[in-house]
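Some notes on the structure that comes next.
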Amino acid sequence: MKSKVTSLDTVAGVFRDGMSVMFGGFMGVGTPPLLIQALLDSGVRDLTLIGNDTAFPDRGVGPLIGSGRVRRVIASHIGLNPETGRRMMAGEMEVELVPQGTLIERIRAGGAGLGGVLTPTGIGTVVEEGKQRLAIGGKDYLLELPLRADLALLHAWEGDRAGNLYFRRSTRNFNPVIALAADYVMAQVDNLVAIGELDPDRVATPAALVDAVIKS
Amino acid sequence: MHAKELIARRVALELNDGDIVNLGIGLPTMVADYLPEGVSITLQSENGFLGLGPLHDTDPTVCNAGGQPCGMVPGAATFDSSFSFALIRGGHVDACVLGGLQVDEGANLANWMVPGKMVPGMGGAMDLVVGSRKVIVAMEHCARDGGAKILPRCTLPLTAVNVVSMIVTELGVFVFEEGKLTLTELAPGVELATVREKTGAAFAVAPDLCTMPLGV
């Protein structure tokens, strides 16, 4: 297995204006600070961010929102980052709110080769607007379409040089799922170990999905 | 007794030993403090674990569904967001307790946004109320301006349709008995006339209407 450990300067070459970027994390827990900072430093703009939430202004993807480089957000929660709401109300940024369980399944579908998912969540609410409702076995479901992105940014507690990743405690959240749904996958790894040192049973994201590893 | 404590104490009596329970942020979180003796429940945190517990040592890899530091009890289990919402939508969560802005005669719930004022996003709320076996709305009976929150029809955007099992307020307890909103308990010292005056919805009164038990 080849090492994918690289520098922030090298991965910054992947960033482009108008990219769609999935990120791991829940209120910043599980979001890779170094990779978010690198994206910010690169100056790219018109980004579409896809992830659970926009965290707090100073955590997770919060600083990206505050920088004005984000054109569109797809998330389940924006309430703890007032800057997201302000920019949405001012028309500077588009926000698509998606129920959390639907968002993660849309991403999973995008990464798993599925044409969509059927969920009862959102029926009879604004979430249903413009969507197909299907009755299966006497119960109604909404057809929710898959989501993919150009880039995924992961934060792992431990990982080997090839990109096998282990996520500690509640940092796992969206991380292993987005690794399947993006064309290019970058992981920030806090504790980097040699290939073969990570027990295969602990691997939540296999190296085969990871394109670049950055040591914290 | 403060209204919130009274509500939390009453809700706690609804939970059974061994239940998997998801408690919303705020008042619902207080329910865990008033469980009757001999009742042990497992708290689900939708960001990815079972076994939410009090904070002992701050661990940056652990947060609750509000993004705040928390603990995990012995025997806790972690997972990704896809699995977490499979637990929720798949009927593996026995009860969820959450706040409400409005509940109506059709067991519909509105608790996620006020157009033009508060648009935080639904987070996991829509999935939780659709998937949990029992949905308990724990809320103060009237809005801050004194207006009724239990209405013939919700006027705010819905979280979900026909999902509420029970409403607990500082004035009493309502259940949906064969689809009909029914008052089953009055809080100590509260008159039926007061509940009628402060409730917008039409409701039946249970033949065995009693005084709210409050546990220990």
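By order of appearance in the structure tokens: chains A, B, ..., then residues from 1 within every chain, and ligands from 1 in the order shown.
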
Contacts of chain A with chain B up to 10 Å, shortest pair per row, only C-alpha atoms, as a Markdown table:
| residue | atom | partner | partner_atom | distance |
| --- | --- | --- | --- | --- |
| A:Gly25 | CA | B:Asn47 | CA | 9.1 |
| A:Phe26 | CA | B:Asn47 | CA | 6.7 |
| A:Met27 | CA | B:Gly67 | CA | 5.1 |
| A:Gly28 | CA | B:Gly67 | CA | 7.8 |
| A:Val29 | CA | B:Thr61 | CA | 6.3 |
| A:Gly30 | CA | B:Thr61 | CA | 7.3 |
| A:Asn52 | CA | B:Gly123 | CA | 7.9 |
| A:Asp53 | CA | B:Gly123 | CA | 8.2 |
| A:Ala55 | CA | B:Gly67 | CA | 8.1 |
| A:Phe56 | CA | B:Gly67 | CA | 9.2 |
| A:Ala75 | CA | B:Gly121 | CA | 8.0 |
| A:Ser76 | CA | B:Gly123 | CA | 4.6 |
| A:His77 | CA | B:Gly121 | CA | 4.3 |
| A:Ile78 | CA | B:Pro120 | CA | 5.1 |
| A:Gly79 | CA | B:Pro120 | CA | 3.7 |
| A:Leu80 | CA | B:Pro120 | CA | 7.5 |
| A:Asn81 | CA | B:Pro120 | CA | 8.9 |
| A:Pro82 | CA | B:Pro120 | CA | 9.0 |
| A:Thr84 | CA | B:Pro120 | CA | 9.4 |
| A:Gly85 | CA | B:Val119 | CA | 7.3 |
| A:Met88 | CA | B:Val119 | CA | 9.8 |
| A:Met89 | CA | B:Gly116 | CA | 8.4 |
| A:Val95 | CA | B:Gly121 | CA | 9.8 |
| A:Glu96 | CA | B:Gly121 | CA | 9.2 |
| A:Leu97 | CA | B:Gly121 | CA | 6.0 |
| A:Val98 | CA | B:Met122 | CA | 7.4 |
| A:Pro99 | CA | B:Gly123 | CA | 5.7 |
| A:Gln100 | CA | B:Gly124 | CA | 4.8 |
| A:Gly101 | CA | B:Phe85 | CA | 5.2 |
| A:Thr102 | CA | B:Asp127 | CA | 7.9 |
| A:Leu103 | CA | B:Ser82 | CA | 9.1 |
| A:Ile104 | CA | B:Ser82 | CA | 5.7 |
| A:Glu105 | CA | B:Ser82 | CA | 6.4 |
| A:Arg106 | CA | B:Ser82 | CA | 9.8 |
| A:Ile107 | CA | B:Ser82 | CA | 9.3 |
| A:Arg108 | CA | B:Ser82 | CA | 7.7 |
| A:Thr119 | CA | B:Arg89 | CA | 8.5 |
| A:Pro120 | CA | B:Val130 | CA | 7.1 |
| A:Thr121 | CA | B:Asp127 | CA | 5.4 |
| A:Gly122 | CA | B:Met126 | CA | 6.4 |
| A:Ile123 | CA | B:Ala160 | CA | 6.8 |
| A:Gly124 | CA | B:Val161 | CA | 6.0 |
| A:Thr125 | CA | B:Leu158 | CA | 5.4 |
| A:Val126 | CA | B:Pro157 | CA | 7.1 |
| A:Val127 | CA | B:Thr159 | CA | 9.3 |
| A:Trp157 | CA | B:Thr61 | CA | 8.6 |
| A:Phe167 | CA | B:Thr61 | CA | 8.9 |
| A:Arg168 | CA | B:Thr61 | CA | 6.4 |
| A:Arg169 | CA | B:Thr61 | CA | 5.8 |
| A:Ser170 | CA | B:Val62 | CA | 5.1 |
| A:Thr171 | CA | B:Thr61 | CA | 5.6 |
| A:Arg172 | CA | B:Asp80 | CA | 5.3 |
| A:Asn173 | CA | B:Asp80 | CA | 4.3 |
| A:Phe174 | CA | B:Ser81 | CA | 5.7 |
| A:Asn175 | CA | B:Asp80 | CA | 7.7 |
| A:Pro176 | CA | B:Asp80 | CA | 7.3 |
| A:Val177 | CA | B:Ser82 | CA | 7.6 |
| A:Ala204 | CA | B:Asp80 | CA | 9.3 |

Original post:
So which residues of region 107-188 of chain A fall under strand (DSSP E or B) by DSSP, listed as a VMD selection string?
Top reply: chain A and resid 117 to 119 133 to 136 139 to 144 149 to 160 165 to 166 173 182 to 188

Create the file for the chosen residues now, containing C-alpha atoms and written as an mmCIF file, in the first residue's frame.
data_model
loop_
_atom_site.group_PDB
_atom_site.id
_atom_site.type_symbol
_atom_site.label_atom_id
_atom_site.label_comp_id
_atom_site.auth_asym_id
_atom_site.auth_seq_id
_atom_site.Cartn_x
_atom_site.Cartn_y
_atom_site.Cartn_z
ATOM 1 C CA VAL A 117 -34.259 6.942 -0.865
ATOM 2 C CA LEU A 118 -37.870 6.729 0.304
ATOM 3 C CA THR A 119 -38.513 8.266 3.708
ATOM 4 C CA ARG A 133 -44.847 11.020 -2.842
ATOM 5 C CA LEU A 134 -45.063 7.263 -3.261
ATOM 6 C CA ALA A 135 -47.310 4.788 -1.445
ATOM 7 C CA ILE A 136 -45.482 1.562 -0.642
ATOM 8 C CA LYS A 139 -47.633 3.849 3.706
ATOM 9 C CA ASP A 140 -46.579 7.159 2.168
ATOM 10 C CA TYR A 141 -42.954 8.091 1.546
ATOM 11 C CA LEU A 142 -41.111 10.967 -0.090
ATOM 12 C CA LEU A 143 -38.609 10.269 -2.822
ATOM 13 C CA GLU A 144 -35.367 11.992 -1.821
ATOM 14 C CA ALA A 149 -19.814 16.419 -4.136
ATOM 15 C CA ASP A 150 -16.506 17.249 -5.785
ATOM 16 C CA LEU A 151 -14.628 17.101 -2.514
ATOM 17 C CA ALA A 152 -15.023 15.572 0.965
ATOM 18 C CA LEU A 153 -13.137 16.806 4.041
ATOM 19 C CA LEU A 154 -12.812 14.301 6.908
ATOM 20 C CA HIS A 155 -11.332 14.474 10.399
ATOM 21 C CA ALA A 156 -10.032 11.223 11.880
ATOM 22 C CA TRP A 157 -8.635 10.583 15.360
ATOM 23 C CA GLU A 158 -6.293 7.908 14.045
ATOM 24 C CA GLY A 159 -5.276 6.783 10.601
ATOM 25 C CA ASP A 160 -2.484 5.048 8.752
ATOM 26 C CA LEU A 165 -9.334 5.881 9.240
ATOM 27 C CA TYR A 166 -10.732 5.513 12.754
ATOM 28 C CA ASN A 173 -21.156 11.331 12.423
ATOM 29 C CA ALA A 182 -17.190 12.649 -3.251
ATOM 30 C CA ASP A 183 -14.807 12.522 -6.199
ATOM 31 C CA TYR A 184 -11.803 13.533 -4.072
ATOM 32 C CA VAL A 185 -11.451 12.674 -0.386
ATOM 33 C CA MET A 186 -9.062 14.437 2.008
ATOM 34 C CA ALA A 187 -8.566 13.397 5.618
ATOM 35 C CA GLN A 188 -6.928 15.267 8.473
#

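Residue nearest Arg69 (chain A), chosen from A:Met1, A:Met19, A:Leu145, A:Ile50 and counting only C-alpha atoms: A:Met19.
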
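For region 61-216 of chain B, backbone-based DSSP labels the following residues as helix (DSSP H, G or I): Ser81, Ser82, Phe83, Ser84, Phe85, Ala86, Leu87, Ile88, Arg89, Ala125, Met126, Asp127, Leu128, Val129, Val130, Gly131, Leu192, Ala193, Thr194, Val195, Arg196, Glu197 and Lys198 of chain B.
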
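Going from CA of Leu114 (chain A) over to CA of Ala179 (chain A), you cover 15.5 Å.
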
Subject >> Gap from CA of Glu83 (chain A) to CA of Arg148 (chain A) - Å, one decimal >> reply: 25.4 Å

Quick one: everything within 7 Å of Gly100 (chain B), counting only C-alpha atoms, minus sequence neighbours fewer than 4 positions away in the same chain. Send it as a tab-separated table (two decimals) with C-alpha atoms, in the first residue's frame.
chain	number	residue	atom	x	y	z
B	109	LEU	CA	-46.60	19.51	15.64
B	110	ALA	CA	-44.90	22.80	14.76
B	111	ASN	CA	-41.62	23.38	16.54
B	137	VAL	CA	-44.36	17.27	23.67
B	138	ALA	CA	-43.15	18.96	26.85
B	139	MET	CA	-43.94	22.64	26.73

**OP:** Would you mind listing what lies within 9 Å of region 41-43 of chain A as an MDAnalysis selection string, with only C-alpha atoms counted and same-chain residues fewer than 6 positions away left out?
**Re:** chainID A and resid 12:13 15:17 69

Same residues, C-alpha atoms, saved as a PDB file, in the first residue's frame:
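What ended up in again-v4.pdb:
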ATOM      1  CA  ALA A  12      -4.663  23.151  -1.923  1.00  0.00           C
ATOM      2  CA  GLY A  13      -4.075  22.569  -5.647  1.00  0.00           C
ATOM      3  CA  PHE A  15      -9.460  23.543  -4.578  1.00  0.00           C
ATOM      4  CA  ARG A  16     -11.460  25.313  -7.328  1.00  0.00           C
ATOM      5  CA  ASP A  17     -14.020  28.105  -7.467  1.00  0.00           C
ATOM      6  CA  ARG A  69     -16.946  32.495  -0.034  1.00  0.00           C
TER       7      ARG A  69
END

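The gap separating CA of Ser132 (chain B) from CA of Ala95 (chain B) is 5.5 Å, in Å to one decimal.
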
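Neighbouring residues of Leu8 (chain A) at 9 Å or closer, counting only C-alpha atoms and skipping chain neighbours under 3 positions away, are Val11, Ala12, Gly13, Leu34, Leu35, Ala38 and Ile214 of chain A.
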
Subject >> Residue neighbourhood Met212 (chain B), 12 Å, only C-alpha atoms, exclusion window fewer than 4 positions, as number ranges by chain >> reply: B: 6-7, 9-11, 13-14, 168-174, 183-190, 208

Who sits within 12 Å of region 140-142 of chain B, only C-alpha atoms, same chain under 4 positions skipped, as a PDB file with N, CA and C atoms, in the first residue's frame:
ATOM      1  N   HIS B   2     -41.436  25.321  39.957  1.00  0.00           N
ATOM      2  CA  HIS B   2     -41.357  26.016  38.680  1.00  0.00           C
ATOM      3  C   HIS B   2     -42.050  25.179  37.597  1.00  0.00           C
ATOM      4  N   ALA B   3     -42.691  25.859  36.640  1.00  0.00           N
ATOM      5  CA  ALA B   3     -43.447  25.166  35.579  1.00  0.00           C
ATOM      6  C   ALA B   3     -42.583  24.115  34.868  1.00  0.00           C
ATOM      7  N   LYS B   4     -41.349  24.479  34.584  1.00  0.00           N
ATOM      8  CA  LYS B   4     -40.497  23.556  33.820  1.00  0.00           C
ATOM      9  C   LYS B   4     -40.182  22.299  34.621  1.00  0.00           C
ATOM     10  N   GLU B   5     -39.958  22.468  35.925  1.00  0.00           N
ATOM     11  CA  GLU B   5     -39.657  21.305  36.767  1.00  0.00           C
ATOM     12  C   GLU B   5     -40.878  20.393  36.846  1.00  0.00           C
ATOM     13  N   LEU B   6     -42.042  21.020  36.996  1.00  0.00           N
ATOM     14  CA  LEU B   6     -43.283  20.242  37.068  1.00  0.00           C
ATOM     15  C   LEU B   6     -43.485  19.421  35.790  1.00  0.00           C
ATOM     16  N   ILE B   7     -43.263  20.052  34.657  1.00  0.00           N
ATOM     17  CA  ILE B   7     -43.433  19.356  33.371  1.00  0.00           C
ATOM     18  C   ILE B   7     -42.429  18.201  33.264  1.00  0.00           C
ATOM     19  N   ALA B   8     -41.181  18.477  33.610  1.00  0.00           N
ATOM     20  CA  ALA B   8     -40.135  17.448  33.511  1.00  0.00           C
ATOM     21  C   ALA B   8     -40.452  16.272  34.435  1.00  0.00           C
ATOM     22  N   LEU B  27     -35.795  22.191  28.161  1.00  0.00           N
ATOM     23  CA  LEU B  27     -36.672  21.544  29.141  1.00  0.00           C
ATOM     24  C   LEU B  27     -36.631  20.010  29.061  1.00  0.00           C
ATOM     25  N   PRO B  28     -36.742  19.409  27.852  1.00  0.00           N
ATOM     26  CA  PRO B  28     -36.749  17.939  27.786  1.00  0.00           C
ATOM     27  C   PRO B  28     -35.528  17.285  28.441  1.00  0.00           C
ATOM     28  N   LEU B  98     -39.769  16.371  23.269  1.00  0.00           N
ATOM     29  CA  LEU B  98     -39.267  17.606  22.679  1.00  0.00           C
ATOM     30  C   LEU B  98     -40.218  18.755  22.936  1.00  0.00           C
ATOM     31  N   GLY B  99     -39.716  19.949  22.772  1.00  0.00           N
ATOM     32  CA  GLY B  99     -40.519  21.142  23.000  1.00  0.00           C
ATOM     33  C   GLY B  99     -41.444  21.392  21.822  1.00  0.00           C
ATOM     34  N   GLY B 100     -42.388  22.293  22.000  1.00  0.00           N
ATOM     35  CA  GLY B 100     -43.304  22.600  20.912  1.00  0.00           C
ATOM     36  C   GLY B 100     -43.616  24.082  20.859  1.00  0.00           C
ATOM     37  N   LEU B 101     -43.803  24.591  19.654  1.00  0.00           N
ATOM     38  CA  LEU B 101     -44.314  25.956  19.499  1.00  0.00           C
ATOM     39  C   LEU B 101     -45.832  25.896  19.411  1.00  0.00           C
ATOM     40  N   GLN B 102     -46.333  24.890  18.676  1.00  0.00           N
ATOM     41  CA  GLN B 102     -47.776  24.666  18.538  1.00  0.00           C
ATOM     42  C   GLN B 102     -48.056  23.175  18.343  1.00  0.00           C
ATOM     43  N   VAL B 103     -49.196  22.736  18.911  1.00  0.00           N
ATOM     44  CA  VAL B 103     -49.705  21.396  18.638  1.00  0.00           C
ATOM     45  C   VAL B 103     -51.183  21.584  18.314  1.00  0.00           C
ATOM     46  N   GLY B 146     -48.835  35.052  25.966  1.00  0.00           N
ATOM     47  CA  GLY B 146     -50.090  34.570  26.559  1.00  0.00           C
ATOM     48  C   GLY B 146     -50.976  33.813  25.582  1.00  0.00           C
ATOM     49  N   GLY B 147     -50.623  33.824  24.298  1.00  0.00           N
ATOM     50  CA  GLY B 147     -51.442  33.155  23.283  1.00  0.00           C
ATOM     51  C   GLY B 147     -51.417  31.643  23.430  1.00  0.00           C
ATOM     52  N   ALA B 148     -52.509  30.999  22.980  1.00  0.00           N
ATOM     53  CA  ALA B 148     -52.611  29.547  23.079  1.00  0.00           C
ATOM     54  C   ALA B 148     -51.622  28.876  22.132  1.00  0.00           C
ATOM     55  N   LYS B 149     -51.085  27.747  22.576  1.00  0.00           N
ATOM     56  CA  LYS B 149     -50.178  26.956  21.741  1.00  0.00           C
ATOM     57  C   LYS B 149     -50.822  25.643  21.316  1.00  0.00           C
ATOM     58  N   ILE B 150     -51.901  25.278  22.007  1.00  0.00           N
ATOM     59  CA  ILE B 150     -52.650  24.081  21.607  1.00  0.00           C
ATOM     60  C   ILE B 150     -53.869  24.601  20.853  1.00  0.00           C
ATOM     61  N   LEU B 151     -53.868  24.376  19.550  1.00  0.00           N
ATOM     62  CA  LEU B 151     -54.775  25.085  18.644  1.00  0.00           C
ATOM     63  C   LEU B 151     -55.624  24.133  17.804  1.00  0.00           C
ATOM     64  N   ILE B 167     -49.209  15.501  25.285  1.00  0.00           N
ATOM     65  CA  ILE B 167     -48.720  16.857  25.566  1.00  0.00           C
ATOM     66  C   ILE B 167     -48.707  17.028  27.086  1.00  0.00           C
ATOM     67  N   VAL B 168     -47.581  17.453  27.620  1.00  0.00           N
ATOM     68  CA  VAL B 168     -47.497  17.730  29.057  1.00  0.00           C
ATOM     69  C   VAL B 168     -47.165  19.208  29.224  1.00  0.00           C
ATOM     70  N   THR B 169     -48.028  19.928  29.936  1.00  0.00           N
ATOM     71  CA  THR B 169     -47.770  21.344  30.230  1.00  0.00           C
ATOM     72  C   THR B 169     -47.879  21.545  31.746  1.00  0.00           C
ATOM     73  N   GLU B 170     -47.661  22.785  32.195  1.00  0.00           N
ATOM     74  CA  GLU B 170     -47.748  23.050  33.640  1.00  0.00           C
ATOM     75  C   GLU B 170     -49.205  23.060  34.114  1.00  0.00           C
ATOM     76  N   LEU B 171     -50.154  22.980  33.161  1.00  0.00           N
ATOM     77  CA  LEU B 171     -51.564  22.959  33.550  1.00  0.00           C
ATOM     78  C   LEU B 171     -52.164  21.560  33.519  1.00  0.00           C
ATOM     79  N   GLY B 172     -51.625  20.686  32.683  1.00  0.00           N
ATOM     80  CA  GLY B 172     -52.226  19.359  32.611  1.00  0.00           C
ATOM     81  C   GLY B 172     -51.567  18.470  31.576  1.00  0.00           C
ATOM     82  N   VAL B 173     -52.230  17.315  31.373  1.00  0.00           N
ATOM     83  CA  VAL B 173     -51.734  16.322  30.407  1.00  0.00           C
ATOM     84  C   VAL B 173     -52.842  16.021  29.401  1.00  0.00           C
ATOM     85  N   PHE B 174     -52.482  16.030  28.130  1.00  0.00           N
ATOM     86  CA  PHE B 174     -53.405  15.642  27.056  1.00  0.00           C
ATOM     87  C   PHE B 174     -52.836  14.423  26.351  1.00  0.00           C
ATOM     88  N   ALA B 187     -52.914  19.648  36.535  1.00  0.00           N
ATOM     89  CA  ALA B 187     -51.818  19.876  37.482  1.00  0.00           C
ATOM     90  C   ALA B 187     -52.427  20.235  38.845  1.00  0.00           C
ATOM     91  N   THR B 194     -59.685  26.853  33.743  1.00  0.00           N
ATOM     92  CA  THR B 194     -58.436  27.542  33.370  1.00  0.00           C
ATOM     93  C   THR B 194     -57.840  26.901  32.118  1.00  0.00           C
ATOM     94  N   VAL B 195     -57.877  25.570  32.080  1.00  0.00           N
ATOM     95  CA  VAL B 195     -57.336  24.865  30.909  1.00  0.00           C
ATOM     96  C   VAL B 195     -58.165  25.222  29.675  1.00  0.00           C
ATOM     97  N   ARG B 196     -59.485  25.241  29.841  1.00  0.00           N
ATOM     98  CA  ARG B 196     -60.358  25.598  28.706  1.00  0.00           C
ATOM     99  C   ARG B 196     -60.042  26.989  28.200  1.00  0.00           C
ATOM    100  N   GLU B 197     -59.844  27.911  29.130  1.00  0.00           N
ATOM    101  CA  GLU B 197     -59.601  29.308  28.774  1.00  0.00           C
ATOM    102  C   GLU B 197     -58.280  29.472  28.015  1.00  0.00           C
ATOM    103  N   LYS B 198     -57.279  28.649  28.371  1.00  0.00           N
ATOM    104  CA  LYS B 198     -55.940  28.829  27.801  1.00  0.00           C
ATOM    105  C   LYS B 198     -55.618  27.863  26.662  1.00  0.00           C
ATOM    106  N   THR B 199     -56.629  27.111  26.242  1.00  0.00           N
ATOM    107  CA  THR B 199     -56.416  26.148  25.160  1.00  0.00           C
ATOM    108  C   THR B 199     -57.269  26.542  23.964  1.00  0.00           C
ATOM    109  N   GLY B 200     -56.665  26.689  22.818  1.00  0.00           N
ATOM    110  CA  GLY B 200     -57.408  27.086  21.625  1.00  0.00           C
ATOM    111  C   GLY B 200     -58.171  25.927  21.003  1.00  0.00           C
TER     112      GLY B 200
END
